[in-house]
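Structure first, commentary second.
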Amino acid sequence: MVTNITSFGRSGLSDWLMQRVSAVILAVYTVFIVAYLLLNPNLDYYAWSGLFDQTWMRIFSLLAFVSIAAHAWIGLWTVTTDYLKSTRLRVGAQTLIILAIFVYLVWGIQILWGA
Amino acid sequence: MSNLQVSVYRYNPETDSAPYMQEFQVDTKGRDLMVLDVLHLMKEQDSGLAFRRSCREGVCGSDGMNMNGKNGLACITPLSDVVKGNKLTLRPLPGLPVIRDMVVDMGLFYKQYERIQPYLQNDEPAPAIERLQSPEERDKLDGLYECILCACCSTSCPSFWWNPDKFVGPAGLLQSYRFLADTRDTATRERLTSLEDPFSVFRCRGIMNCVAVCPKGLNPTRAIGKIREMLLADAT
């Protein structure tokens with residue numbers, strides 16, 4: 001039995017499913033944002049701010065932030081376990097990555113609800 | 001010019017401090033030989049050259065090697081398939097420890113094969129004659145049982161290069177699915193449980209190198225997809 005303690009869901013199956021679901025959410029969010037920008041060529045601060053004032057947009061954005069956090073954790077965890085063979089270096093990199101993801105997530109929530 | 005320029009990987013750990021490439025000029029007499037024939041012609045020039053071979057017809061899987069950058073069986077690979085610009089470069093299967101020249105230590109590869117328990121397990125009482133399958137049930141094993149364990153696929157897989165101790169590899173997973181798909185096997189749940197960690201199956205990133213090199217034309221990536229489907233169905 002292969003064990004692991006720093007992967008996102010502690011299970012390859014749940015990580016794999018999470019990676020795919022978060023990828024779909026991120027794709028939908030990206031298409032939405034790009035389409036919004038293309039359809040509003042003369043976008044000003046008030047329109048942009050108005051978009052993010054709406055609850056559904058905040059939920060959608062938070063969903064995308066959580067998705068990118070999970071997606072990045074799973075993906076970068078895989079990269080570190082592939083290429084960093086020194087345990088000290090690997091655990092250090094994984095800790096840094098997870099901390100950075102946490103900071104960005106909280107920062108993102110603050111931006112969404114702070115303004 | 002009928003002289004083929006062959007560059008071959010040489011390493012004898014007892015006498016060489018590092019591996020090196022040795023150049024050979026091989027007279028093919030204009031024939032489209034198999035790579036294994038060329039190796040034998042080179043062995044006539046230098047009897048110290050070590051490589052594995054046995055059946056010389058793509059059945060035993062002994063002479064898997066890297067020919068001009070692509071893994072395959074030397075005995076069933078014609079020169080016309082691999083030679084570019086009259087040059088042929090032969091290296092041992094990548095990622096495994098070299099014992100000597102083209103001979104690699106397959107220990108890790110076999111260990112992963114052993115891990116998936118490549119034998120039928122059935123806890124029901126044995127019937128008087130044999131365990132029967134319908135033709136449809138038997139059809140599910142086609143494309144799975146034909147594997148000859150030559151290791152061409154697993155040693156072309158970067159996931160296996162980086163984690164050969166944890167990732168089962170395409171060859172082992174193809175065999176794993178061969179028993180998961182077998183209606184006579186009753187250890188399905190136990191087999192799936194041993195595969196749900198982040199390495200054993202899920203280190204596969206689907207780049208399909210295994211499919212590209214398999215000398216028997218098998219598709220380990222599809223088998224891995226099927227294992228994932230079974231794991232998902234069992235756990236949700």
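FYI, nothing fancy with the structure tokens labels: chains A, B, ... in order, residues from 1 per chain, ligands from 1 as they appear.
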Legend entry - Close residues, region 35-41 of chain B itself excluded, 7 Å, only C-alpha atoms, min 6 positions apart in chain, as a ChimeraX atom specification: /B:26,74-75,77-79
Inset, instruction - For chain B, work out the contacting residues on chain A at 10 Å, counting only C-alpha atoms, and write them as a VMD selection string. - result: chain A and resid 1 to 4 7 to 17 74 78 81 to 85
Inset, instruction - Pull the helix (DSSP H, G or I) assignments for region 28-195 of chain B out of DSSP run on the backbone, and list those residues as a count of residues only. - result: 58
Legend entry - Contacts of Thr95 (chain A) within 12 Å, only C-alpha atoms, excl. fewer than 3 positions in-chain, as a ChimeraX atom specification: /A:5-7,73,76-77,80,87-92,98-102
Using only N, CA and C atoms, please write the residues we just selected to a file, as a tab-separated table (two decimals), in the first residue's frame.
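And here's selection.tsv as it stands now:
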chain	number	residue	atom	x	y	z
A	5	ILE	N	0.63	11.84	2.74
A	5	ILE	CA	-0.02	12.70	3.73
A	5	ILE	C	-0.13	14.15	3.29
A	6	THR	N	0.57	14.54	2.23
A	6	THR	CA	0.50	15.94	1.82
A	6	THR	C	-0.31	16.14	0.54
A	7	SER	N	-0.84	15.05	-0.04
A	7	SER	CA	-1.69	15.23	-1.22
A	7	SER	C	-3.01	15.86	-0.79
A	73	TRP	N	-3.01	22.70	-5.97
A	73	TRP	CA	-2.47	21.82	-4.93
A	73	TRP	C	-2.21	20.42	-5.51
A	76	LEU	N	0.57	20.63	-8.47
A	76	LEU	CA	1.94	20.90	-8.03
A	76	LEU	C	2.45	19.82	-7.08
A	77	TRP	N	1.54	19.21	-6.32
A	77	TRP	CA	1.94	18.08	-5.46
A	77	TRP	C	2.49	16.96	-6.33
A	80	THR	N	5.96	17.94	-7.56
A	80	THR	CA	7.01	17.81	-6.54
A	80	THR	C	7.34	16.34	-6.28
A	87	THR	N	13.77	14.42	0.42
A	87	THR	CA	12.56	14.57	1.25
A	87	THR	C	12.46	15.98	1.83
A	88	ARG	N	13.60	16.51	2.31
A	88	ARG	CA	13.59	17.83	2.92
A	88	ARG	C	13.13	18.88	1.90
A	89	LEU	N	13.69	18.80	0.70
A	89	LEU	CA	13.34	19.75	-0.36
A	89	LEU	C	11.87	19.60	-0.76
A	90	ARG	N	11.42	18.35	-0.86
A	90	ARG	CA	10.05	18.09	-1.32
A	90	ARG	C	9.03	18.59	-0.32
A	91	VAL	N	9.22	18.22	0.97
A	91	VAL	CA	8.28	18.66	2.00
A	91	VAL	C	8.30	20.17	2.12
A	92	GLY	N	9.51	20.77	2.00
A	92	GLY	CA	9.63	22.23	2.05
A	92	GLY	C	8.84	22.88	0.93
A	98	ILE	N	1.41	24.98	-0.44
A	98	ILE	CA	0.12	24.94	0.25
A	98	ILE	C	-0.13	26.26	1.00
A	99	LEU	N	0.93	26.82	1.62
A	99	LEU	CA	0.79	28.11	2.31
A	99	LEU	C	0.42	29.20	1.32
A	100	ALA	N	1.12	29.22	0.16
A	100	ALA	CA	0.84	30.25	-0.85
A	100	ALA	C	-0.59	30.14	-1.35
A	101	ILE	N	-1.05	28.89	-1.57
A	101	ILE	CA	-2.43	28.69	-2.03
A	101	ILE	C	-3.41	29.23	-0.99
A	102	PHE	N	-3.12	28.97	0.29
A	102	PHE	CA	-4.00	29.46	1.36
A	102	PHE	C	-4.05	30.99	1.38
Inset, instruction - Grab the CA of Ile224 (chain B) to CA of Gln112 (chain B) distance for me, in Å with one decimal place. - result: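 Computing the Euclidean distance for CA of Ile224 (chain B) and CA of Gln112 (chain B) yields 14.8 Å.
Taking CA of Ala64 (chain A) as the reference point, CA of Trp113 (chain A) is found at 14.9 Å.
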Legend entry - One-decimal distance in Å that lies between CA of Arg205 (chain B) and CA of Ile97 (chain A):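 Computing it gives 21.1 Å between the two atoms.
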Legend entry - Ile25 (chain A) surroundings by only C-alpha atoms, 8 Å radius, close-in-sequence under 2 positions cut, as a ChimeraX atom specification: /A:21-23,27-29,63-64,67
For the residues in that selection, give me C-alpha atoms as a short mmCIF file (atom, residue, chain, number, x, y, z; two decimals), in the first residue's frame.
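Generated file (part30.cif):
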data_model
loop_
_atom_site.label_atom_id
_atom_site.label_comp_id
_atom_site.auth_asym_id
_atom_site.auth_seq_id
_atom_site.Cartn_x
_atom_site.Cartn_y
_atom_site.Cartn_z
CA VAL A 21 -14.27 18.79 -11.72
CA SER A 22 -12.17 21.87 -10.87
CA ALA A 23 -10.84 21.92 -14.45
CA ALA A 27 -12.91 26.39 -18.03
CA VAL A 28 -16.48 27.68 -17.62
CA TYR A 29 -15.27 30.66 -15.54
CA LEU A 63 -16.08 28.65 -6.69
CA ALA A 64 -13.41 29.37 -9.31
CA SER A 67 -11.21 25.25 -7.76
#
Inset, instruction - Find the residues near Val59 (chain B): any atom within 12 Å, counting only C-alpha atoms, skip ones fewer than 4 places away on the same chain, and give them as a list in words. - result: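 That gives Arg53, Ser54, Cys55, Asp63, Gly64, Leu73, Ala74, Cys75, Ile76, Glu146, Cys147, Ile148, Leu149, Cys150, Pro215 and Lys216 of chain B.
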For region 133-141 of chain B, find every residue with an atom within 9 Å (counting only C-alpha atoms), except residues of its own chain fewer than 3 positions away, and show them as a PDB file with N, CA and C atoms, in the first residue's frame.
ATOM      1  N   LEU B 144      -5.896  -7.624 -23.683  1.00  0.00           N
ATOM      2  CA  LEU B 144      -5.322  -7.536 -22.335  1.00  0.00           C
ATOM      3  C   LEU B 144      -4.342  -8.676 -22.069  1.00  0.00           C
ATOM      4  N   TYR B 145      -4.779  -9.907 -22.449  1.00  0.00           N
ATOM      5  CA  TYR B 145      -3.974 -11.080 -22.094  1.00  0.00           C
ATOM      6  C   TYR B 145      -2.744 -11.245 -22.985  1.00  0.00           C
ATOM      7  N   GLU B 146      -2.696 -10.537 -24.117  1.00  0.00           N
ATOM      8  CA  GLU B 146      -1.631 -10.776 -25.093  1.00  0.00           C
ATOM      9  C   GLU B 146      -0.277 -10.210 -24.674  1.00  0.00           C
ATOM     10  N   TYR B 177      -5.974  -4.820 -15.058  1.00  0.00           N
ATOM     11  CA  TYR B 177      -7.314  -4.741 -15.629  1.00  0.00           C
ATOM     12  C   TYR B 177      -7.738  -6.068 -16.252  1.00  0.00           C
ATOM     13  N   ARG B 178      -6.758  -6.846 -16.728  1.00  0.00           N
ATOM     14  CA  ARG B 178      -7.079  -8.159 -17.278  1.00  0.00           C
ATOM     15  C   ARG B 178      -7.799  -9.020 -16.221  1.00  0.00           C
ATOM     16  N   PHE B 179      -7.399  -8.879 -14.945  1.00  0.00           N
ATOM     17  CA  PHE B 179      -8.052  -9.663 -13.886  1.00  0.00           C
ATOM     18  C   PHE B 179      -9.274  -8.955 -13.319  1.00  0.00           C
ATOM     19  N   ALA B 181     -11.298  -7.324 -15.173  1.00  0.00           N
ATOM     20  CA  ALA B 181     -12.337  -7.509 -16.190  1.00  0.00           C
ATOM     21  C   ALA B 181     -12.777  -8.969 -16.298  1.00  0.00           C
ATOM     22  N   ASP B 182     -12.061  -9.858 -15.622  1.00  0.00           N
ATOM     23  CA  ASP B 182     -12.353 -11.287 -15.733  1.00  0.00           C
ATOM     24  C   ASP B 182     -13.523 -11.655 -14.817  1.00  0.00           C
ATOM     25  N   THR B 183     -14.610 -12.172 -15.410  1.00  0.00           N
ATOM     26  CA  THR B 183     -15.805 -12.482 -14.622  1.00  0.00           C
ATOM     27  C   THR B 183     -15.572 -13.639 -13.644  1.00  0.00           C
ATOM     28  N   ARG B 184     -14.513 -14.395 -13.849  1.00  0.00           N
ATOM     29  CA  ARG B 184     -14.235 -15.520 -12.945  1.00  0.00           C
ATOM     30  C   ARG B 184     -13.471 -15.093 -11.711  1.00  0.00           C
TER      31      ARG B 184
END
